[in-house]
Amino acid sequence: MASHFSVRLINGLLLPSLIGFIALPTSVFGQTAGAGYLHKLNDSTGMAKCLDGSPMAYYYRPGTGTGKNKWLLSYEGGGWCSSLKDCELRTSGPLGSSNDYKPTTQLVLGKLSNSADRNPSFYNWNIVFVRYCDGGYFSGDVSEPVIYMDKPLYFRGAYIHRALLEDLMDQMDMAEATDVVISGCSAGAVQTYINIDKIRSLLPDKMRVTGLPDSGFLVAYDGEGACNYQKSMIDTFSLMNVSSSIPQGCLDKFDSTDQWRCMFFAQHLIPFIETPMFIVQSKHDEWQMDNNIYCEQYNTEASRNFGSYFEEVFNATINLFPYSGYLLDSCKHHCGGWDYVVSDDGHTQHEAFDRWYAAIYNDGNFTQSNHQHKQAGTYPCISCCVQGNHYSSYFAESVISRASPSIPRRRLRVYS
């Protein structure tokens with residue numbers, strides 16, 4: 001995918017936006033960079049491939065000190081492709097091919113940061129940033145390549161998990177891990193909902209495995225001004241044979257024509273997930289609002305109605321998920337907020353996660369209601385996005401964006 005430079009107006013400031021991968025400089029807003037080094041999978045089965053057949057890949061930064069045996073696996077986001085044409089277009093860029101990945105990248109934002117002040121949760125953990133190049137939420141399962149325009153396309157996302165973990169165990173000493181957190185934003189968060197139990201089953205029982213999905217709780221919305229983009233979801237589910245990655249209990253809820261809902265909507269998946277998760281999410285999720293209600297024009301009332309509906313669905317779903325925790329905010333954003341979005345009871349995302357994590361594993365007295373954090377602000381709520389001088393983090397994270405070829409006009413952020 002070719003890169004295109006543009007300028008975006010964000011809260012009154014003009015900021016550059018690059019559609020495509022951005023290699024950040026060694027310092028971002030004064031924060032010391034933490035380099036991650038590229039490692040392409042040497043998959044013994046030959047099945048874990050990007051759309052173009054190149055090997056799937058990840059960036060790795062080793063842990064230190066108390067984090068030496070703790071691991072954060074963060075899966076990149078970037079939409080999805082829903083047709084052979086869309087998927088072939090992705091093969092010319094980083095969302096479909098690993099051929100042009102840089103040898104190093106700076107893992108400096110949000111949950112990937114190596115700053116103890118900004119990211120006390122994971123600053124010294126082993127960080128694995130899994131690049132997204134299969135176009136189907138790391139969940140496709142088509143054994144033979146599909147030929148389009150004389151090119152083979154590979155829908156093999158489901159195979160990355162075993163290959164990735166085997167590689168990390170053999171090459172990066174992950175076999176000694178005590179703690180493993182599976183995370184990701186946007187599409188990386190959707191894959192967390194889909195695959196976390198599978199990933200957990202591939203790891204030794206001695207490891208404490210949890211999930212931390214960010215901005216992947218999508219809802220099916222049919223309210224005022226609703227847009228219709230669900231056909232692309234249905235097409236992806238069929239094209240990539242995603243059903244083999246979905247928990248069987250969810251598939252059994254629907255007839256064959258509606259099983260695609262289990263791929264995209266966490267409200268259907270969560271009742272069948274067993275691995276504990278802490279969810280960070282906005283009820284005014286920018287991508288969902290852009291794609292659900294802004295297809296024609298901006299409408300404040302419709303935005304508020306969407307937020308209310310989202311919170312209703314979210315609350316009903318979480319009640320079916322014991323040992324979960326969350327921070328549901330009211331800031332209009334998609335992904336991020338690790339150190340600047342603050343709940344009404346005074347906790348940042350990382351503070352809320354740390355309290356929940358300690359309660360799950362160390363306190364021995366877990367009460368779910370103590371780990372359900374919210375912002376009650378109504379749309380638009382600018383103050384919901386601000387935490388002191390950490391507002392600059394919002395700007396930094398906003399310049400990293402990605403566009404899904406299947407929905408060309410809409411933007412999708414894909415950092416930690």
# chains A, B, ... in the order shown; residues from 1 in each chain; ligands from 1
$ residues_around --residues "Ile382 of chain A" --least-positions-apart "4" --cutoff "10 Å" --atoms "only C-alpha atoms" --output "list in words"
Asn11, Ser330, Cys331, Lys332, Gly377, Thr378 and Val386 of chain A
$ select_by_dssp --residues "segment 105-319 of chain A" --states "alpha helix (DSSP H)" --output "PyMOL selection string"
chain A and resi 160-171+187-201+230-239+248-253+261-264+266-269+286-292+300-318
$ closest_residue --among "A:Ala302, A:Ile293, A:Ala189, A:Cys133" --to "Tyr379 of chain A" --atoms "only C-alpha atoms"
A:Ala302
$ residues_around --residues "Thr178 of chain A" --least-positions-apart "4" --cutoff "10 Å" --atoms "only C-alpha atoms" --output "PDB file with N, CA and C atoms, in the first residue's frame"
ATOM      1  N   GLY A  67      11.093  -7.474  35.384  1.00  0.00           N
ATOM      2  CA  GLY A  67      10.292  -7.841  34.213  1.00  0.00           C
ATOM      3  C   GLY A  67      10.942  -8.874  33.322  1.00  0.00           C
ATOM      4  N   LYS A  68      12.062  -9.436  33.757  1.00  0.00           N
ATOM      5  CA  LYS A  68      12.815 -10.346  32.899  1.00  0.00           C
ATOM      6  C   LYS A  68      12.005 -11.553  32.443  1.00  0.00           C
ATOM      7  N   ASN A  69      11.125 -12.053  33.299  1.00  0.00           N
ATOM      8  CA  ASN A  69      10.336 -13.238  32.965  1.00  0.00           C
ATOM      9  C   ASN A  69       8.852 -12.919  32.749  1.00  0.00           C
ATOM     10  N   LYS A  70       8.579 -11.662  32.405  1.00  0.00           N
ATOM     11  CA  LYS A  70       7.201 -11.244  32.155  1.00  0.00           C
ATOM     12  C   LYS A  70       7.104 -10.741  30.719  1.00  0.00           C
ATOM     13  N   TRP A  71       6.002 -11.058  30.070  1.00  0.00           N
ATOM     14  CA  TRP A  71       5.878 -10.827  28.627  1.00  0.00           C
ATOM     15  C   TRP A  71       4.566 -10.139  28.279  1.00  0.00           C
ATOM     16  N   MET A 174      11.234 -17.425  26.214  1.00  0.00           N
ATOM     17  CA  MET A 174       9.910 -17.247  26.792  1.00  0.00           C
ATOM     18  C   MET A 174       9.477 -18.459  27.617  1.00  0.00           C
ATOM     19  N   PRO A 204       2.394 -23.178  28.653  1.00  0.00           N
ATOM     20  CA  PRO A 204       2.425 -24.050  29.827  1.00  0.00           C
ATOM     21  C   PRO A 204       1.480 -23.554  30.927  1.00  0.00           C
ATOM     22  N   ASP A 205       0.919 -24.480  31.667  1.00  0.00           N
ATOM     23  CA  ASP A 205      -0.041 -24.134  32.717  1.00  0.00           C
ATOM     24  C   ASP A 205       0.563 -23.248  33.794  1.00  0.00           C
ATOM     25  N   LYS A 206       1.881 -23.302  33.974  1.00  0.00           N
ATOM     26  CA  LYS A 206       2.523 -22.518  35.034  1.00  0.00           C
ATOM     27  C   LYS A 206       2.458 -21.013  34.772  1.00  0.00           C
ATOM     28  N   MET A 207       2.220 -20.619  33.531  1.00  0.00           N
ATOM     29  CA  MET A 207       2.215 -19.204  33.184  1.00  0.00           C
ATOM     30  C   MET A 207       0.863 -18.569  33.494  1.00  0.00           C
ATOM     31  N   ARG A 208       0.900 -17.362  34.032  1.00  0.00           N
ATOM     32  CA  ARG A 208      -0.315 -16.600  34.302  1.00  0.00           C
ATOM     33  C   ARG A 208      -0.645 -15.788  33.052  1.00  0.00           C
ATOM     34  N   VAL A 209      -1.723 -16.163  32.394  1.00  0.00           N
ATOM     35  CA  VAL A 209      -2.083 -15.552  31.117  1.00  0.00           C
ATOM     36  C   VAL A 209      -3.350 -14.725  31.275  1.00  0.00           C
TER      37      VAL A 209
END
$ closest_atom_pairs --of "segment 321-395 of chain A" --to "segment 108-113 of chain A" --cutoff "7 Å" --atoms "only C-alpha atoms" --output "JSON lines"
{"residue": "A:Gly336", "atom": "CA", "partner": "A:Gly110", "partner_atom": "CA", "distance": 6.4}
{"residue": "A:Trp338", "atom": "CA", "partner": "A:Gly110", "partner_atom": "CA", "distance": 5.3}
{"residue": "A:Asp339", "atom": "CA", "partner": "A:Gly110", "partner_atom": "CA", "distance": 6.9}
$ residues_around --residues "Cys185 of chain A" --least-positions-apart "5" --cutoff "6 Å" --atoms "only C-alpha atoms" --output "list in words"
Gly77, Asp214, Ser215, Cys335 and Ser416 of chain A
$ write_last_selection --atoms "all heavy atoms" --output "PDB file, in the first residue's frame"
ATOM      1  N   GLY A  77      -2.947  -3.449  15.016  1.00  0.00           N
ATOM      2  CA  GLY A  77      -4.252  -3.296  14.389  1.00  0.00           C
ATOM      3  C   GLY A  77      -4.117  -2.858  12.941  1.00  0.00           C
ATOM      4  O   GLY A  77      -3.012  -2.676  12.420  1.00  0.00           O
ATOM      5  N   ASP A 214      -7.749  -3.377  23.749  1.00  0.00           N
ATOM      6  CA  ASP A 214      -7.967  -1.935  23.724  1.00  0.00           C
ATOM      7  C   ASP A 214      -8.734  -1.571  22.452  1.00  0.00           C
ATOM      8  O   ASP A 214      -8.244  -1.757  21.334  1.00  0.00           O
ATOM      9  CB  ASP A 214      -6.603  -1.224  23.748  1.00  0.00           C
ATOM     10  CG  ASP A 214      -6.698   0.294  23.682  1.00  0.00           C
ATOM     11  OD1 ASP A 214      -7.821   0.817  23.593  1.00  0.00           O
ATOM     12  OD2 ASP A 214      -5.637   0.954  23.722  1.00  0.00           O
ATOM     13  N   SER A 215      -9.937  -1.069  22.634  1.00  0.00           N
ATOM     14  CA  SER A 215     -10.754  -0.552  21.523  1.00  0.00           C
ATOM     15  C   SER A 215     -11.108  -1.630  20.507  1.00  0.00           C
ATOM     16  O   SER A 215     -11.146  -1.373  19.298  1.00  0.00           O
ATOM     17  CB  SER A 215     -10.026   0.609  20.821  1.00  0.00           C
ATOM     18  OG  SER A 215      -9.730   1.645  21.725  1.00  0.00           O
ATOM     19  N   CYS A 335      -8.253   3.663  20.476  1.00  0.00           N
ATOM     20  CA  CYS A 335      -6.967   3.171  20.984  1.00  0.00           C
ATOM     21  C   CYS A 335      -6.268   4.235  21.833  1.00  0.00           C
ATOM     22  O   CYS A 335      -6.522   5.415  21.718  1.00  0.00           O
ATOM     23  CB  CYS A 335      -6.035   2.707  19.871  1.00  0.00           C
ATOM     24  SG  CYS A 335      -6.630   1.293  18.929  1.00  0.00           S
ATOM     25  N   SER A 416      -0.083   1.018  20.186  1.00  0.00           N
ATOM     26  CA  SER A 416      -0.244   0.031  21.255  1.00  0.00           C
ATOM     27  C   SER A 416      -1.640   0.020  21.816  1.00  0.00           C
ATOM     28  O   SER A 416      -2.044  -0.931  22.437  1.00  0.00           O
ATOM     29  CB  SER A 416       0.731   0.331  22.380  1.00  0.00           C
ATOM     30  OG  SER A 416       0.407   1.544  23.034  1.00  0.00           O
TER      31      SER A 416
END
$ closest_residue --among "A:Tyr59, A:Phe353, A:Phe321, A:Tyr154" --to "Ser121 of chain A" --atoms "only C-alpha atoms"
A:Phe353
$ closest_residue --among "A:Ser143, A:Ser186, A:Pro380, A:His347" --to "Glu301 of chain A" --atoms "only C-alpha atoms"
A:Pro380
$ residues_around --residues "Asn124 of chain A" --least-positions-apart "2" --cutoff "8 Å" --atoms "only C-alpha atoms" --output "PyMOL selection string"
chain A and resi 63-68+114+116+122+126
$ residues_around --residues "Val142 of chain A" --least-positions-apart "4" --cutoff "8 Å" --atoms "only C-alpha atoms" --output "list in words"
Tyr154, Phe155, Arg156, Met240 and Asn241 of chain A
$ write_last_selection --atoms "N, CA and C atoms" --output "PDB file, in the first residue's frame"
ATOM      1  N   TYR A 154      -2.546 -15.631   0.649  1.00  0.00           N
ATOM      2  CA  TYR A 154      -2.534 -16.595   1.743  1.00  0.00           C
ATOM      3  C   TYR A 154      -3.382 -16.069   2.899  1.00  0.00           C
ATOM      4  N   PHE A 155      -4.371 -16.877   3.278  1.00  0.00           N
ATOM      5  CA  PHE A 155      -5.225 -16.524   4.406  1.00  0.00           C
ATOM      6  C   PHE A 155      -4.872 -17.448   5.568  1.00  0.00           C
ATOM      7  N   ARG A 156      -3.768 -17.130   6.250  1.00  0.00           N
ATOM      8  CA  ARG A 156      -3.164 -18.064   7.197  1.00  0.00           C
ATOM      9  C   ARG A 156      -2.984 -17.455   8.594  1.00  0.00           C
ATOM     10  N   MET A 240     -11.980 -16.079   4.404  1.00  0.00           N
ATOM     11  CA  MET A 240     -10.808 -16.556   5.132  1.00  0.00           C
ATOM     12  C   MET A 240     -11.077 -17.776   6.004  1.00  0.00           C
ATOM     13  N   ASN A 241     -12.285 -18.322   5.951  1.00  0.00           N
ATOM     14  CA  ASN A 241     -12.621 -19.504   6.749  1.00  0.00           C
ATOM     15  C   ASN A 241     -12.289 -19.283   8.223  1.00  0.00           C
TER      16      ASN A 241
END
$ decode --residues "segment 247-287 of chain A" --atoms "N, CA and C atoms" --output "PDB file, in the first residue's frame"
ATOM      1  N   PRO A 247     -14.644 -19.714  19.084  1.00  0.00           N
ATOM      2  CA  PRO A 247     -15.132 -20.668  20.081  1.00  0.00           C
ATOM      3  C   PRO A 247     -16.435 -21.327  19.621  1.00  0.00           C
ATOM      4  N   GLN A 248     -16.490 -22.636  19.738  1.00  0.00           N
ATOM      5  CA  GLN A 248     -17.622 -23.383  19.212  1.00  0.00           C
ATOM      6  C   GLN A 248     -18.930 -22.952  19.859  1.00  0.00           C
ATOM      7  N   GLY A 249     -18.883 -22.613  21.127  1.00  0.00           N
ATOM      8  CA  GLY A 249     -20.107 -22.207  21.818  1.00  0.00           C
ATOM      9  C   GLY A 249     -20.756 -21.002  21.178  1.00  0.00           C
ATOM     10  N   CYS A 250     -19.944 -20.072  20.699  1.00  0.00           N
ATOM     11  CA  CYS A 250     -20.493 -18.887  20.028  1.00  0.00           C
ATOM     12  C   CYS A 250     -21.086 -19.269  18.676  1.00  0.00           C
ATOM     13  N   LEU A 251     -20.389 -20.090  17.929  1.00  0.00           N
ATOM     14  CA  LEU A 251     -20.918 -20.527  16.630  1.00  0.00           C
ATOM     15  C   LEU A 251     -22.267 -21.220  16.796  1.00  0.00           C
ATOM     16  N   ASP A 252     -22.396 -21.998  17.855  1.00  0.00           N
ATOM     17  CA  ASP A 252     -23.628 -22.757  18.079  1.00  0.00           C
ATOM     18  C   ASP A 252     -24.824 -21.855  18.381  1.00  0.00           C
ATOM     19  N   LYS A 253     -24.567 -20.609  18.773  1.00  0.00           N
ATOM     20  CA  LYS A 253     -25.650 -19.668  19.060  1.00  0.00           C
ATOM     21  C   LYS A 253     -26.388 -19.228  17.798  1.00  0.00           C
ATOM     22  N   PHE A 254     -25.716 -19.297  16.650  1.00  0.00           N
ATOM     23  CA  PHE A 254     -26.251 -18.714  15.430  1.00  0.00           C
ATOM     24  C   PHE A 254     -26.395 -19.762  14.332  1.00  0.00           C
ATOM     25  N   ASP A 255     -27.295 -19.491  13.416  1.00  0.00           N
ATOM     26  CA  ASP A 255     -27.310 -20.338  12.231  1.00  0.00           C
ATOM     27  C   ASP A 255     -26.136 -19.929  11.348  1.00  0.00           C
ATOM     28  N   SER A 256     -25.882 -20.693  10.309  1.00  0.00           N
ATOM     29  CA  SER A 256     -24.661 -20.505   9.521  1.00  0.00           C
ATOM     30  C   SER A 256     -24.571 -19.126   8.879  1.00  0.00           C
ATOM     31  N   THR A 257     -25.697 -18.488   8.610  1.00  0.00           N
ATOM     32  CA  THR A 257     -25.669 -17.178   7.956  1.00  0.00           C
ATOM     33  C   THR A 257     -25.293 -16.050   8.900  1.00  0.00           C
ATOM     34  N   ASP A 258     -25.344 -16.297  10.207  1.00  0.00           N
ATOM     35  CA  ASP A 258     -25.049 -15.249  11.185  1.00  0.00           C
ATOM     36  C   ASP A 258     -23.829 -15.544  12.052  1.00  0.00           C
ATOM     37  N   GLN A 259     -23.121 -16.624  11.768  1.00  0.00           N
ATOM     38  CA  GLN A 259     -21.967 -16.961  12.599  1.00  0.00           C
ATOM     39  C   GLN A 259     -20.838 -15.949  12.490  1.00  0.00           C
ATOM     40  N   TRP A 260     -20.817 -15.157  11.440  1.00  0.00           N
ATOM     41  CA  TRP A 260     -19.817 -14.106  11.286  1.00  0.00           C
ATOM     42  C   TRP A 260     -19.840 -13.126  12.448  1.00  0.00           C
ATOM     43  N   ARG A 261     -20.966 -12.995  13.122  1.00  0.00           N
ATOM     44  CA  ARG A 261     -21.070 -12.065  14.249  1.00  0.00           C
ATOM     45  C   ARG A 261     -20.095 -12.424  15.365  1.00  0.00           C
ATOM     46  N   CYS A 262     -19.759 -13.699  15.465  1.00  0.00           N
ATOM     47  CA  CYS A 262     -18.814 -14.131  16.500  1.00  0.00           C
ATOM     48  C   CYS A 262     -17.393 -13.642  16.216  1.00  0.00           C
ATOM     49  N   MET A 263     -17.104 -13.313  14.989  1.00  0.00           N
ATOM     50  CA  MET A 263     -15.768 -12.823  14.642  1.00  0.00           C
ATOM     51  C   MET A 263     -15.596 -11.369  15.040  1.00  0.00           C
ATOM     52  N   PHE A 264     -16.630 -10.568  14.867  1.00  0.00           N
ATOM     53  CA  PHE A 264     -16.475  -9.121  14.984  1.00  0.00           C
ATOM     54  C   PHE A 264     -17.020  -8.524  16.278  1.00  0.00           C
ATOM     55  N   PHE A 265     -17.983  -9.138  16.912  1.00  0.00           N
ATOM     56  CA  PHE A 265     -18.676  -8.490  18.021  1.00  0.00           C
ATOM     57  C   PHE A 265     -18.397  -9.195  19.341  1.00  0.00           C
ATOM     58  N   ALA A 266     -17.643  -8.518  20.199  1.00  0.00           N
ATOM     59  CA  ALA A 266     -17.239  -9.100  21.483  1.00  0.00           C
ATOM     60  C   ALA A 266     -18.435  -9.452  22.355  1.00  0.00           C
ATOM     61  N   GLN A 267     -19.553  -8.777  22.171  1.00  0.00           N
ATOM     62  CA  GLN A 267     -20.728  -9.071  22.984  1.00  0.00           C
ATOM     63  C   GLN A 267     -21.169 -10.520  22.804  1.00  0.00           C
ATOM     64  N   HIS A 268     -20.859 -11.118  21.658  1.00  0.00           N
ATOM     65  CA  HIS A 268     -21.218 -12.517  21.424  1.00  0.00           C
ATOM     66  C   HIS A 268     -20.114 -13.469  21.874  1.00  0.00           C
ATOM     67  N   LEU A 269     -18.862 -13.033  21.808  1.00  0.00           N
ATOM     68  CA  LEU A 269     -17.731 -13.898  22.150  1.00  0.00           C
ATOM     69  C   LEU A 269     -17.500 -14.022  23.650  1.00  0.00           C
ATOM     70  N   ILE A 270     -17.659 -12.920  24.368  1.00  0.00           N
ATOM     71  CA  ILE A 270     -17.239 -12.869  25.766  1.00  0.00           C
ATOM     72  C   ILE A 270     -17.850 -13.969  26.636  1.00  0.00           C
ATOM     73  N   PRO A 271     -19.124 -14.322  26.472  1.00  0.00           N
ATOM     74  CA  PRO A 271     -19.666 -15.387  27.330  1.00  0.00           C
ATOM     75  C   PRO A 271     -18.939 -16.727  27.195  1.00  0.00           C
ATOM     76  N   PHE A 272     -18.124 -16.878  26.155  1.00  0.00           N
ATOM     77  CA  PHE A 272     -17.441 -18.158  25.925  1.00  0.00           C
ATOM     78  C   PHE A 272     -15.927 -18.054  26.142  1.00  0.00           C
ATOM     79  N   ILE A 273     -15.467 -16.921  26.671  1.00  0.00           N
ATOM     80  CA  ILE A 273     -14.040 -16.729  26.949  1.00  0.00           C
ATOM     81  C   ILE A 273     -13.766 -17.092  28.406  1.00  0.00           C
ATOM     82  N   GLU A 274     -12.721 -17.862  28.641  1.00  0.00           N
ATOM     83  CA  GLU A 274     -12.386 -18.298  29.992  1.00  0.00           C
ATOM     84  C   GLU A 274     -11.192 -17.551  30.584  1.00  0.00           C
ATOM     85  N   THR A 275     -10.330 -17.002  29.752  1.00  0.00           N
ATOM     86  CA  THR A 275      -9.133 -16.311  30.231  1.00  0.00           C
ATOM     87  C   THR A 275      -9.511 -14.945  30.800  1.00  0.00           C
ATOM     88  N   PRO A 276      -9.037 -14.596  31.998  1.00  0.00           N
ATOM     89  CA  PRO A 276      -9.364 -13.271  32.571  1.00  0.00           C
ATOM     90  C   PRO A 276      -8.858 -12.145  31.671  1.00  0.00           C
ATOM     91  N   MET A 277      -9.649 -11.069  31.577  1.00  0.00           N
ATOM     92  CA  MET A 277      -9.261  -9.925  30.763  1.00  0.00           C
ATOM     93  C   MET A 277      -9.613  -8.622  31.452  1.00  0.00           C
ATOM     94  N   PHE A 278      -8.761  -7.620  31.223  1.00  0.00           N
ATOM     95  CA  PHE A 278      -9.082  -6.246  31.599  1.00  0.00           C
ATOM     96  C   PHE A 278      -9.277  -5.472  30.306  1.00  0.00           C
ATOM     97  N   ILE A 279     -10.441  -4.868  30.151  1.00  0.00           N
ATOM     98  CA  ILE A 279     -10.834  -4.237  28.894  1.00  0.00           C
ATOM     99  C   ILE A 279     -10.705  -2.725  29.018  1.00  0.00           C
ATOM    100  N   VAL A 280     -10.015  -2.094  28.068  1.00  0.00           N
ATOM    101  CA  VAL A 280     -10.018  -0.635  27.976  1.00  0.00           C
ATOM    102  C   VAL A 280     -10.736  -0.260  26.685  1.00  0.00           C
ATOM    103  N   GLN A 281     -11.678   0.676  26.809  1.00  0.00           N
ATOM    104  CA  GLN A 281     -12.597   0.917  25.707  1.00  0.00           C
ATOM    105  C   GLN A 281     -13.277   2.272  25.903  1.00  0.00           C
ATOM    106  N   SER A 282     -13.581   2.947  24.815  1.00  0.00           N
ATOM    107  CA  SER A 282     -14.403   4.149  24.866  1.00  0.00           C
ATOM    108  C   SER A 282     -15.805   3.832  24.375  1.00  0.00           C
ATOM    109  N   LYS A 283     -16.792   4.354  25.083  1.00  0.00           N
ATOM    110  CA  LYS A 283     -18.166   4.183  24.592  1.00  0.00           C
ATOM    111  C   LYS A 283     -18.433   5.126  23.415  1.00  0.00           C
ATOM    112  N   HIS A 284     -17.545   6.114  23.238  1.00  0.00           N
ATOM    113  CA  HIS A 284     -17.591   6.993  22.075  1.00  0.00           C
ATOM    114  C   HIS A 284     -16.417   6.666  21.161  1.00  0.00           C
ATOM    115  N   ASP A 285     -16.207   5.380  20.939  1.00  0.00           N
ATOM    116  CA  ASP A 285     -15.096   4.927  20.110  1.00  0.00           C
ATOM    117  C   ASP A 285     -15.129   5.627  18.754  1.00  0.00           C
ATOM    118  N   GLU A 286     -14.017   6.303  18.425  1.00  0.00           N
ATOM    119  CA  GLU A 286     -13.998   7.142  17.231  1.00  0.00           C
ATOM    120  C   GLU A 286     -14.228   6.342  15.955  1.00  0.00           C
ATOM    121  N   TRP A 287     -13.573   5.193  15.829  1.00  0.00           N
ATOM    122  CA  TRP A 287     -13.742   4.406  14.609  1.00  0.00           C
ATOM    123  C   TRP A 287     -15.178   3.921  14.478  1.00  0.00           C
TER     124      TRP A 287
END
